[in-house]
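Data from final15.txt: compact mmCIF, C-alpha atoms
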# COMPACT_ATOMS: atom_id res chain seq x y z
CA MET E 1 -33.28 -5.12 -19.06
CA GLU E 2 -35.68 -2.20 -19.47
CA LYS E 3 -36.67 -1.05 -22.91
CA ASN E 4 -36.41 2.71 -23.13
CA LYS E 5 -38.75 3.36 -26.03
CA GLY E 6 -38.40 7.15 -25.94
CA CYS E 7 -34.65 7.03 -26.62
CA ASN E 8 -34.79 3.92 -28.74
CA VAL E 9 -32.08 2.42 -26.59
CA ASN E 10 -31.90 -0.20 -23.86
CA LEU E 11 -31.03 0.72 -20.31
CA CYS E 12 -28.96 -2.09 -18.94
CA LYS E 13 -27.84 -2.41 -15.30
CA VAL E 14 -24.08 -2.88 -15.49
CA TRP E 15 -22.76 -1.75 -12.09
CA ASP E 16 -24.30 -2.82 -8.78
CA TRP E 17 -24.71 -0.29 -5.97
CA PRO E 18 -21.95 -1.71 -3.67
CA LEU E 19 -19.44 -1.33 -6.51
CA ARG E 20 -20.59 2.23 -7.21
CA MET E 21 -20.44 3.13 -3.52
CA PHE E 22 -16.96 1.64 -3.36
CA HIS E 23 -15.84 3.60 -6.40
CA TRP E 24 -16.99 7.03 -5.21
CA LEU E 25 -15.97 6.49 -1.59
CA LEU E 26 -12.55 5.49 -2.89
CA VAL E 27 -12.38 8.64 -5.02
CA ILE E 28 -13.22 10.78 -1.97
CA SER E 29 -10.96 9.00 0.51
CA VAL E 30 -7.94 8.77 -1.82
CA SER E 31 -8.29 12.46 -2.75
CA ALA E 32 -8.51 13.39 0.92
CA CYS E 33 -5.54 11.12 1.69
CA TYR E 34 -3.49 12.86 -0.97
CA ILE E 35 -4.32 16.35 0.29
CA THR E 36 -3.77 15.56 3.98
CA GLY E 37 -0.50 13.77 3.18
CA LEU E 38 0.66 16.75 1.19
CA LEU E 39 -0.21 19.34 3.84
CA GLY E 40 1.02 17.44 6.89
CA GLY E 41 0.87 19.04 10.34
CA LEU E 42 -2.24 18.10 12.29
CA LEU E 43 -3.76 16.68 9.11
CA THR E 44 -1.26 13.80 9.24
CA ASP E 45 -3.49 12.02 11.75
CA TRP E 46 -6.41 12.44 9.36
CA HIS E 47 -4.18 10.98 6.66
CA GLY E 48 -3.79 7.89 8.83
CA LEU E 49 -7.55 7.60 9.45
CA LEU E 50 -8.35 8.06 5.78
CA GLY E 51 -5.70 5.45 5.01
CA ALA E 52 -7.67 3.04 7.23
CA MET E 53 -10.76 3.86 5.20
CA VAL E 54 -8.92 3.19 1.93
CA MET E 55 -7.62 -0.09 3.34
CA GLY E 56 -11.16 -1.11 4.33
CA LEU E 57 -12.55 -0.19 0.92
CA LEU E 58 -9.81 -2.15 -0.87
CA LEU E 59 -10.43 -5.21 1.28
CA PHE E 60 -14.14 -4.94 0.54
CA ARG E 61 -13.38 -4.67 -3.20
CA ILE E 62 -11.18 -7.76 -3.10
CA ILE E 63 -13.94 -9.78 -1.42
CA TRP E 64 -16.60 -8.30 -3.72
CA GLY E 65 -14.38 -9.18 -6.66
CA LEU E 66 -14.77 -12.81 -5.64
CA ILE E 67 -18.41 -12.99 -4.57
CA GLY E 68 -20.04 -9.86 -6.02
CA SER E 69 -22.16 -9.43 -9.12
CA SER E 70 -20.87 -10.49 -12.54
CA THR E 71 -19.29 -7.18 -13.65
CA ALA E 72 -17.55 -6.81 -10.25
CA ARG E 73 -15.91 -10.24 -10.30
CA PHE E 74 -12.22 -10.33 -11.21
CA ILE E 75 -12.66 -13.60 -13.07
CA ASN E 76 -14.96 -11.84 -15.54
CA PHE E 77 -12.72 -8.93 -16.39
CA ILE E 78 -9.08 -9.96 -15.95
CA PRO E 79 -7.70 -9.05 -19.38
CA THR E 80 -5.95 -11.54 -21.64
CA PHE E 81 -3.78 -10.87 -24.69
CA SER E 82 -6.58 -12.01 -26.96
CA SER E 83 -9.19 -9.79 -25.29
CA ILE E 84 -6.88 -6.76 -25.50
CA ARG E 85 -6.15 -7.54 -29.16
CA ALA E 86 -9.87 -7.89 -29.85
CA TYR E 87 -10.58 -4.61 -28.08
CA LEU E 88 -7.87 -2.71 -29.96
CA SER E 89 -9.12 -4.04 -33.30
CA GLY E 90 -12.70 -3.05 -32.41
CA HIS E 91 -14.04 -6.58 -32.10
CA TRP E 92 -14.45 -6.77 -28.34
CA GLN E 93 -18.03 -6.90 -27.07
CA GLY E 94 -19.35 -6.88 -23.57
CA VAL E 95 -20.43 -4.74 -20.66
CA GLY E 96 -18.48 -3.83 -17.55
CA HIS E 97 -14.78 -3.09 -17.73
CA ASN E 98 -13.30 -3.26 -21.21
CA PRO E 99 -9.87 -4.98 -21.40
CA LEU E 100 -7.86 -1.74 -21.25
CA GLY E 101 -10.10 -0.39 -18.50
CA SER E 102 -9.54 -3.65 -16.62
CA LEU E 103 -5.80 -3.09 -16.77
CA ALA E 104 -6.29 0.36 -15.26
CA VAL E 105 -8.57 -1.01 -12.53
CA ILE E 106 -6.06 -3.70 -11.58
CA ALA E 107 -3.16 -1.22 -11.67
CA ILE E 108 -5.06 1.21 -9.43
CA LEU E 109 -6.06 -1.51 -6.96
CA VAL E 110 -2.53 -2.96 -6.75
CA THR E 111 -0.92 0.48 -6.35
CA LEU E 112 -3.43 1.57 -3.72
CA LEU E 113 -3.03 -1.69 -1.84
CA SER E 114 0.76 -1.23 -1.88
CA LEU E 115 0.30 2.31 -0.58
CA ALA E 116 -2.05 1.13 2.15
CA VAL E 117 0.25 -1.70 3.29
CA THR E 118 3.43 0.43 3.31
CA GLY E 119 1.48 3.11 5.18
CA LEU E 120 0.70 0.65 7.97
CA PHE E 121 4.42 0.49 8.82
CA ALA E 122 5.35 4.06 7.94
CA ASN E 123 6.60 6.93 10.08
CA ASP E 124 7.32 10.55 9.22
CA ASP E 125 10.14 11.19 11.72
CA ILE E 126 7.96 13.92 13.22
CA ALA E 127 5.10 12.44 15.19
CA PHE E 128 3.22 10.05 12.93
CA GLU E 129 3.56 6.30 13.17
CA GLY E 130 1.46 3.78 11.26
CA PRO E 131 -0.47 1.22 13.34
CA LEU E 132 2.15 -1.48 12.72
CA PHE E 133 5.23 0.77 12.99
CA HIS E 134 6.36 -0.82 16.24
CA SER E 135 6.24 -4.31 14.70
CA ILE E 136 9.35 -3.74 12.61
CA GLU E 137 12.74 -2.05 12.89
CA LYS E 138 12.97 1.69 12.35
CA GLY E 139 15.27 1.23 9.32
CA LEU E 140 12.71 -0.96 7.57
CA SER E 141 9.94 1.48 8.47
CA ASP E 142 11.98 4.32 6.93
CA LYS E 143 12.40 2.26 3.77
CA LEU E 144 8.67 1.48 3.58
CA SER E 145 7.88 5.15 4.27
CA GLY E 146 10.06 6.05 1.27
CA TRP E 147 8.23 3.52 -0.90
CA HIS E 148 4.90 4.87 0.39
CA ILE E 149 5.78 8.35 -0.88
CA TRP E 150 7.37 7.04 -4.09
CA LEU E 151 4.19 5.11 -4.99
CA VAL E 152 2.16 8.32 -5.10
CA THR E 153 3.62 9.31 -8.48
CA PRO E 154 2.70 6.09 -10.34
CA LEU E 155 -0.75 6.28 -8.73
CA LEU E 156 -1.25 9.82 -10.05
CA VAL E 157 -0.10 8.71 -13.51
CA ILE E 158 -2.55 5.78 -13.56
CA ILE E 159 -5.42 7.96 -12.31
CA ALA E 160 -4.58 10.57 -14.98
CA LEU E 161 -4.71 7.84 -17.65
CA HIS E 162 -8.03 6.59 -16.24
CA VAL E 163 -9.59 10.07 -16.31
CA SER E 164 -8.11 10.75 -19.79
CA ALA E 165 -9.73 7.55 -21.07
CA LEU E 166 -13.09 8.65 -19.63
CA LEU E 167 -12.77 12.04 -21.35
CA PHE E 168 -11.71 10.35 -24.61
CA TYR E 169 -14.84 8.19 -24.49
CA LEU E 170 -17.00 11.20 -23.65
CA ILE E 171 -15.64 13.61 -26.26
CA VAL E 172 -14.41 11.42 -29.11
CA LYS E 173 -16.56 8.30 -28.87
CA LYS E 174 -19.62 10.14 -27.48
CA THR E 175 -20.02 7.52 -24.76
CA ASN E 176 -20.59 8.66 -21.20
CA LEU E 177 -18.97 6.24 -18.77
CA ILE E 178 -19.35 8.51 -15.74
CA VAL E 179 -23.16 8.46 -15.52
CA PRO E 180 -23.31 4.63 -15.45
CA MET E 181 -20.91 4.68 -12.48
CA LEU E 182 -23.42 6.98 -10.74
CA THR E 183 -26.71 5.32 -11.73
CA GLY E 184 -25.52 1.80 -12.49
CA ASN E 185 -27.32 1.90 -15.86
CA LYS E 186 -25.69 2.02 -19.25
CA ARG E 187 -27.41 2.83 -22.52
CA LEU E 188 -26.91 0.11 -25.09
CA PRO E 189 -28.01 -0.14 -28.75
CA VAL E 190 -31.49 -1.67 -29.18
CA ASN E 191 -30.09 -4.76 -30.86
CA ASP E 192 -27.73 -5.41 -27.96
CA ILE E 193 -29.16 -8.27 -25.95
CA THR E 194 -26.71 -8.12 -23.04
CA PRO E 195 -28.62 -9.06 -19.88
CA SER E 196 -28.57 -6.83 -16.80
CA ILE E 197 -26.58 -8.01 -13.82
CA ASP E 198 -28.36 -9.86 -11.04
CA SER E 199 -29.67 -7.92 -8.08
CA VAL E 200 -27.30 -7.52 -5.15
CA ASN E 201 -27.14 -10.39 -2.72
CA LYS E 202 -27.54 -8.42 0.51
CA LEU E 203 -26.15 -11.15 2.75
CA ARG E 204 -22.94 -11.40 0.73
CA CYS E 205 -22.65 -7.64 0.65
CA LEU E 206 -23.08 -7.37 4.42
CA ALA E 207 -20.58 -10.19 4.99
CA SER E 208 -18.03 -8.45 2.74
CA ILE E 209 -18.40 -5.16 4.63
CA VAL E 210 -18.18 -6.86 8.04
CA VAL E 211 -15.07 -8.89 7.12
CA ALA E 212 -13.30 -5.84 5.64
CA MET E 213 -14.14 -3.70 8.67
CA ALA E 214 -13.10 -6.43 11.09
CA PHE E 215 -9.75 -6.74 9.34
CA VAL E 216 -9.10 -3.01 9.52
CA VAL E 217 -10.14 -2.79 13.17
CA ALA E 218 -7.86 -5.76 13.94
CA ILE E 219 -4.90 -4.07 12.23
CA TRP E 220 -5.44 -0.85 14.17
CA ASN E 221 -5.68 -2.84 17.38
CA ASP E 222 -2.56 -4.99 16.98
CA GLY E 223 -4.36 -8.00 15.52
CA PHE E 224 -2.91 -9.89 12.53
CA THR E 225 0.38 -8.16 13.25
CA GLY E 226 2.59 -11.21 12.97
CA TYR E 227 1.16 -12.15 9.60
CA LEU E 228 1.61 -8.67 8.15
CA VAL E 229 5.12 -8.36 9.56
CA LEU E 230 6.00 -11.59 7.82
CA LEU E 231 4.68 -10.17 4.55
CA ALA E 232 6.63 -6.94 5.02
CA LYS E 233 9.89 -8.79 5.57
CA MET E 234 9.53 -10.92 2.43
CA MET Y 1 10.90 20.15 34.25
CA SER Y 2 11.23 18.11 37.42
CA ILE Y 3 14.35 18.64 39.52
CA ASN Y 4 16.33 15.78 40.99
CA LEU Y 5 17.16 16.97 44.49
CA ALA Y 6 20.16 14.64 44.92
CA PHE Y 7 21.99 15.98 41.93
CA GLY Y 8 20.22 19.29 41.46
CA ILE Y 9 19.29 18.50 37.88
CA THR Y 10 17.51 15.71 36.02
CA MET Y 11 19.20 13.45 33.51
CA GLN Y 12 17.03 14.90 30.79
CA LEU Y 13 18.18 18.42 31.59
CA LYS Y 14 21.78 17.21 31.67
CA TYR Y 15 21.50 15.68 28.23
CA LEU Y 16 19.82 18.79 26.94
CA LEU Y 17 22.54 21.03 28.32
CA ALA Y 18 25.19 18.72 26.89
CA LEU Y 19 23.55 18.88 23.50
CA ILE Y 20 23.25 22.67 23.61
CA LEU Y 21 26.90 22.93 24.65
CA MET Y 22 27.90 20.66 21.78
CA LEU Y 23 25.80 22.68 19.34
CA SER Y 24 27.26 25.92 20.72
CA PHE Y 25 30.73 24.48 20.26
CA PHE Y 26 29.95 23.49 16.72
CA LYS Y 27 28.65 26.98 16.00
CA VAL Y 28 32.22 28.13 16.55
CA SER Y 29 33.84 25.04 15.07
CA ALA Y 30 31.48 22.85 13.10
CA GLY Y 31 33.89 19.91 13.19
CA THR Y 32 34.36 17.19 10.60
CA VAL Y 33 31.65 16.27 8.13
CA GLU Y 34 30.94 13.09 10.10
CA ASP Y 35 30.69 15.05 13.37
CA GLN Y 36 28.27 17.56 11.89
CA ILE Y 37 26.07 14.79 10.52
CA LYS Y 38 26.25 12.91 13.80
CA ILE Y 39 25.29 15.92 15.90
CA ARG Y 40 22.39 16.97 13.70
CA GLN Y 41 21.07 13.40 13.61
CA SER Y 42 21.22 13.36 17.40
CA ALA Y 43 19.46 16.70 17.59
CA TYR Y 44 16.60 15.63 15.31
CA SER Y 45 16.25 12.27 17.05
CA LEU Y 46 15.92 14.03 20.41
CA MET Y 47 13.46 16.46 18.88
CA GLY Y 48 11.45 13.58 17.38
CA TRP Y 49 11.35 11.75 20.69
CA ASN Y 50 9.86 14.84 22.30
CA THR Y 51 7.33 15.52 19.53
CA THR Y 52 6.14 11.93 19.95
CA LYS Y 53 5.71 12.50 23.70
CA ILE Y 54 3.70 15.67 23.10
CA LYS Y 55 1.51 14.04 20.47
CA SER Y 56 0.84 11.11 22.75
CA GLN Y 57 -0.35 13.34 25.61
CA ILE Y 58 -2.12 16.01 23.57
CA ILE Y 59 -3.69 14.12 20.70
CA ASP Y 60 -3.58 10.34 21.07
CA HIS Y 61 -4.17 9.96 24.80
CA PRO Y 62 -5.23 13.34 26.24
CA GLU Y 63 -6.27 11.56 29.43
CA THR Y 64 -2.54 11.08 30.14
CA TYR Y 65 -1.79 14.81 29.79
CA ASN Y 66 0.84 15.96 32.23
CA LYS Y 67 1.50 19.68 32.04
CA ASP Y 68 5.06 19.49 33.42
CA GLN Y 69 6.09 16.75 31.01
CA VAL Y 70 4.68 18.60 28.03
CA ILE Y 71 6.41 21.81 29.11
CA ALA Y 72 9.69 19.88 29.45
CA ALA Y 73 9.27 18.40 25.98
CA THR Y 74 8.53 21.78 24.41
CA GLU Y 75 11.58 23.26 26.15
CA VAL Y 76 13.80 20.60 24.58
CA ILE Y 77 12.32 21.31 21.15
CA PHE Y 78 12.67 25.06 21.71
CA ALA Y 79 16.31 24.67 22.76
CA ILE Y 80 17.21 22.52 19.76
CA ALA Y 81 15.34 24.66 17.23
CA ASN Y 82 17.03 27.81 18.54
CA SER Y 83 20.52 26.36 18.85
CA GLY Y 84 21.70 27.24 15.35
CA LEU Y 85 21.04 23.93 13.62
CA LEU Y 86 21.97 25.34 10.21
CA ASP Y 87 25.59 25.58 11.36
CA LEU Y 88 25.67 21.79 11.19
CA TYR Y 89 25.15 21.83 7.43
CA GLY Y 90 28.66 22.67 6.30
CA ALA Y 91 29.99 22.16 2.81
CA GLY Y 92 30.10 18.50 1.81
CA THR Y 93 27.73 17.33 4.52
CA HIS Y 94 25.24 16.01 1.95
CA GLN Y 95 27.51 12.96 1.85
CA GLY Y 96 28.90 10.94 4.69
CA THR Y 97 27.87 8.94 7.70
CA GLY Y 98 27.10 10.06 11.21
CA TRP Y 99 25.14 7.51 13.21
CA LYS Y 100 23.90 6.42 9.78
CA SER Y 101 24.23 7.73 6.22
CA THR Y 102 22.93 11.25 5.84
CA ARG Y 103 19.82 11.76 3.77
CA LEU Y 104 20.55 15.41 3.01
CA LYS Y 105 20.00 16.37 -0.62
CA LEU Y 106 22.54 18.45 -2.49
CA ASP Y 107 19.55 20.78 -3.04
CA TYR Y 108 20.11 22.07 0.48
CA PHE Y 109 22.99 24.21 -0.72
CA GLN Y 110 21.07 25.51 -3.73
CA LYS Y 111 17.82 26.33 -1.92
CA GLN Y 112 19.18 28.42 0.91
CA GLU Y 113 16.40 31.00 0.77
CA GLU Y 114 13.72 28.34 1.27
CA VAL Y 115 15.80 26.57 3.91
CA LYS Y 116 16.16 29.77 5.93
CA GLU Y 117 12.45 30.51 5.60
CA ILE Y 118 11.60 27.03 6.93
CA ASP Y 119 14.16 27.37 9.72
CA ALA Y 120 12.57 30.68 10.75
CA ARG Y 121 9.17 28.99 10.77
CA LEU Y 122 10.53 26.15 12.91
CA VAL Y 123 12.03 28.62 15.40
CA LYS Y 124 8.78 30.62 15.57
CA ALA Y 125 6.70 27.46 15.98
CA SER Y 126 8.96 26.20 18.78
CA ILE Y 127 8.62 29.51 20.64
CA GLU Y 128 4.84 29.49 20.31
CA LEU Y 129 4.61 25.82 21.23
CA LYS Y 130 6.59 26.43 24.41
CA ALA Y 131 4.38 29.41 25.29
CA SER Y 132 1.21 27.38 24.67
CA ALA Y 133 2.52 24.52 26.85
CA ASN Y 134 2.95 26.98 29.72
CA LEU Y 135 -0.64 28.15 29.27
CA GLY Y 136 -1.82 24.54 29.48
CA ASP Y 137 -4.69 24.85 27.01
CA LEU Y 138 -4.73 21.57 25.07
CA ALA Y 139 -6.49 23.03 22.04
CA VAL Y 140 -3.88 25.78 21.70
CA ILE Y 141 -0.98 23.34 22.24
CA LYS Y 142 -2.46 21.08 19.57
CA GLU Y 143 -2.72 23.96 17.10
CA GLN Y 144 0.88 25.06 17.72
CA PHE Y 145 2.07 21.48 17.56
CA GLY Y 146 0.48 21.21 14.12
CA LYS Y 147 2.44 24.28 12.97
CA LEU Y 148 5.67 22.77 14.25
CA GLY Y 149 4.95 19.50 12.43
CA ALA Y 150 4.18 21.38 9.22
CA ALA Y 151 7.54 23.18 9.44
CA CYS Y 152 9.34 19.86 9.97
CA LYS Y 153 7.52 18.33 6.99
CA SER Y 154 8.37 21.28 4.71
CA CYS Y 155 12.04 20.68 5.46
CA HIS Y 156 11.76 16.90 4.90
CA ASP Y 157 10.01 17.49 1.57
CA LEU Y 158 12.60 20.02 0.44
CA ILE Y 159 15.99 18.64 1.41
CA ARG Y 160 15.68 15.06 2.58
CA ILE Y 161 16.29 12.03 0.37
CA ARG Y 162 13.62 9.35 0.71
CA ASP Y 163 14.84 5.91 1.62

How would this structure read if it were set down as structure tokens?
Amino acid sequence: MEKNKGCNVNLCKVWDWPLRMFHWLLVISVSACYITGLLGGLLTDWHGLLGAMVMGLLLFRIIWGLIGSSTARFINFIPTFSSIRAYLSGHWQGVGHNPLGSLAVIAILVTLLSLAVTGLFANDDIAFEGPLFHSIEKGLSDKLSGWHIWLVTPLLVIIALHVSALLFYLIVKKTNLIVPMLTGNKRLPVNDITPSIDSVNKLRCLASIVVAMAFVVAIWNDGFTGYLVLLAKM
Amino acid sequence: MSINLAFGITMQLKYLLALILMLSFFKVSAGTVEDQIKIRQSAYSLMGWNTTKIKSQIIDHPETYNKDQVIAATEVIFAIANSGLLDLYGAGTHQGTGWKSTRLKLDYFQKQEEVKEIDARLVKASIELKASANLGDLAVIKEQFGKLGAACKSCHDLIRIRD
């Protein structure tokens, strides 16, 4: 942890660069997915490609949530009743996702993953077919396409809550949570002795990216089809 | 459209003519609710089959582009779009089963101005798509195909119930 004498605060590394890259790439790709899905026409194909990107990012995040740095690991931020109660009563301490923020993160990841999976089997009855559309019956694809569109509303609600919380922290609590997600560093009080996260393990990071990309490429090239079809029919 | 010399007409053209005749008949007498739903479901399925063929040859696998096949597909779409599809949306046809349960929203009957605007866009797009297919310029066909898809989507968003 660096001591920032000028500001009388500590600069603590709380978010590693793969997590930050994931976050902002997800913001860009999900926004683009939403716009292309809304406009349709020739942009529908772009919607499919951006969906592949979202799928890849989510897979990376799942892997990174298991082997990434401490604040990225699910095990370190999955909220419990006691942690939420402590947070709401002002007694929670820690860096990384706070318990309510963790709930939002999990809700966003689960909703996006559901959107990505339903999109794989979707069709628009015009000219678009997801990469696994032909693996299932048309009736089931229509149903999953309906769910795919239905899931957009809860996603927008969760994102709105997430952004509202950021603004609440910025305006009411005078804490900027956006800059740390850009720089990785968070300003902490001088008496806070929270250690910075470890530096990124490049081999693990590379392995996570390769596995996620391989999975996406396999899906778009008819690999893993049987397994995903089984999941869809459950 | 290729011509079968033995019979003077291809099966595809026969089906198309049969569909147009049926649609023309229904313009005069729209038939029962179930018949109207059945015919419009057939029409959109045939249209969808042809949009898929165009997309495959123009966008997904341009190396397979066959000018005659794309022209034939655009002619089918043109014929269906210009056949008076709105006559198949009689009163009460937001409920009932054709080949399967209809997904038409009751909104259809309350949003007639928007429906007619989208229908006009579909007709215009089908005319321009057919013209572009005859020119044979893939970039132009792709652009017109996008406009047709956008018109279809507008209609789905407005009056179709999601599964």

Between CA of Ala32 in chain E and CA of Asp45 in chain E, what is the distance in Å, rounded to a tenth?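 Those two atoms sit 12.0 Å apart.
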
I need the contact residues of chain Y against chain E, so if you could list those with any atom within 6 Å, counting all atoms listed in the file, and return them as a PDB file with C-alpha atoms, in the coordinates of the input, that would help.
ATOM      1  CA  GLY Y  48      11.450  13.580  17.380  1.00  0.00           C
ATOM      2  CA  THR Y  51       7.330  15.520  19.530  1.00  0.00           C
ATOM      3  CA  THR Y  52       6.140  11.930  19.950  1.00  0.00           C
ATOM      4  CA  GLY Y 146       0.480  21.210  14.120  1.00  0.00           C
ATOM      5  CA  GLY Y 149       4.950  19.500  12.430  1.00  0.00           C
ATOM      6  CA  ALA Y 150       4.180  21.380   9.220  1.00  0.00           C
ATOM      7  CA  ARG Y 162      13.620   9.350   0.710  1.00  0.00           C
ATOM      8  CA  ASP Y 163      14.840   5.910   1.620  1.00  0.00           C
TER       9      ASP Y 163
END

In Å, rounded to a single decimal, give me how far CA of Gly51 in chain E is from CA of Ala207 in chain E.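 Going from CA of Ala207 in chain E over to CA of Gly51 in chain E, I get 21.6 Å.
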
Atomic separation - CA of Gly94 in chain E relative to CA of Val179 in chain E, Å: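 Separation between CA of Val179 in chain E and CA of Gly94 in chain E: 17.7 Å.
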
Have a look at E:Gly56, E:Pro18, E:Gly90, E:Gly184 and name the one nearest to Ile219 in chain E; count all atoms listed in the file.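 Between E:Gly56, E:Pro18, E:Gly90, E:Gly184, the residue approaching Ile219 in chain E most closely is E:Gly56.
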
Neighbour list for Lys53 in chain Y as a PyMOL selection string, cut-off 9 Å, all atoms listed in the file, skip fewer than 2 positions in-chain: (chain E and resi 127) or (chain Y and resi 48-51+55-58+69-70+73)

Near-Gly96 in chain E list (12 Å; only C-alpha atoms; drop same-chain fewer than 5 positions) as number ranges by chain: E: 12-16, 19, 69-74, 76-78, 101-102, 105, 177, 180-181, 184-186, 188, 194-197

Would you mind putting back N, CA and C atoms on range 138-149 of chain Y, then writing it out as a CSV table (one decimal), in the frame of the given file?
chain,number,residue,atom,x,y,z
Y,138,LEU,N,-5.0,22.7,26.0
Y,138,LEU,CA,-4.7,21.6,25.1
Y,138,LEU,C,-5.0,21.9,23.6
Y,139,ALA,N,-6.1,22.7,23.4
Y,139,ALA,CA,-6.5,23.0,22.0
Y,139,ALA,C,-5.4,23.9,21.4
Y,140,VAL,N,-4.9,24.9,22.2
Y,140,VAL,CA,-3.9,25.8,21.7
Y,140,VAL,C,-2.6,25.0,21.5
Y,141,ILE,N,-2.2,24.1,22.4
Y,141,ILE,CA,-1.0,23.3,22.2
Y,141,ILE,C,-1.1,22.5,21.0
Y,142,LYS,N,-2.2,21.9,20.8
Y,142,LYS,CA,-2.5,21.1,19.6
Y,142,LYS,C,-2.3,21.9,18.3
Y,143,GLU,N,-2.8,23.1,18.3
Y,143,GLU,CA,-2.7,24.0,17.1
Y,143,GLU,C,-1.2,24.3,16.8
Y,144,GLN,N,-0.5,24.7,17.9
Y,144,GLN,CA,0.9,25.1,17.7
Y,144,GLN,C,1.7,23.8,17.3
Y,145,PHE,N,1.4,22.7,17.9
Y,145,PHE,CA,2.1,21.5,17.6
Y,145,PHE,C,1.9,21.2,16.1
Y,146,GLY,N,0.7,21.4,15.5
Y,146,GLY,CA,0.5,21.2,14.1
Y,146,GLY,C,1.4,22.1,13.3
Y,147,LYS,N,1.6,23.4,13.7
Y,147,LYS,CA,2.4,24.3,13.0
Y,147,LYS,C,3.9,23.8,13.0
Y,148,LEU,N,4.3,23.3,14.1
Y,148,LEU,CA,5.7,22.8,14.2
Y,148,LEU,C,5.9,21.6,13.3
Y,149,GLY,N,4.9,20.7,13.3
Y,149,GLY,CA,5.0,19.5,12.4
Y,149,GLY,C,5.0,19.9,11.0
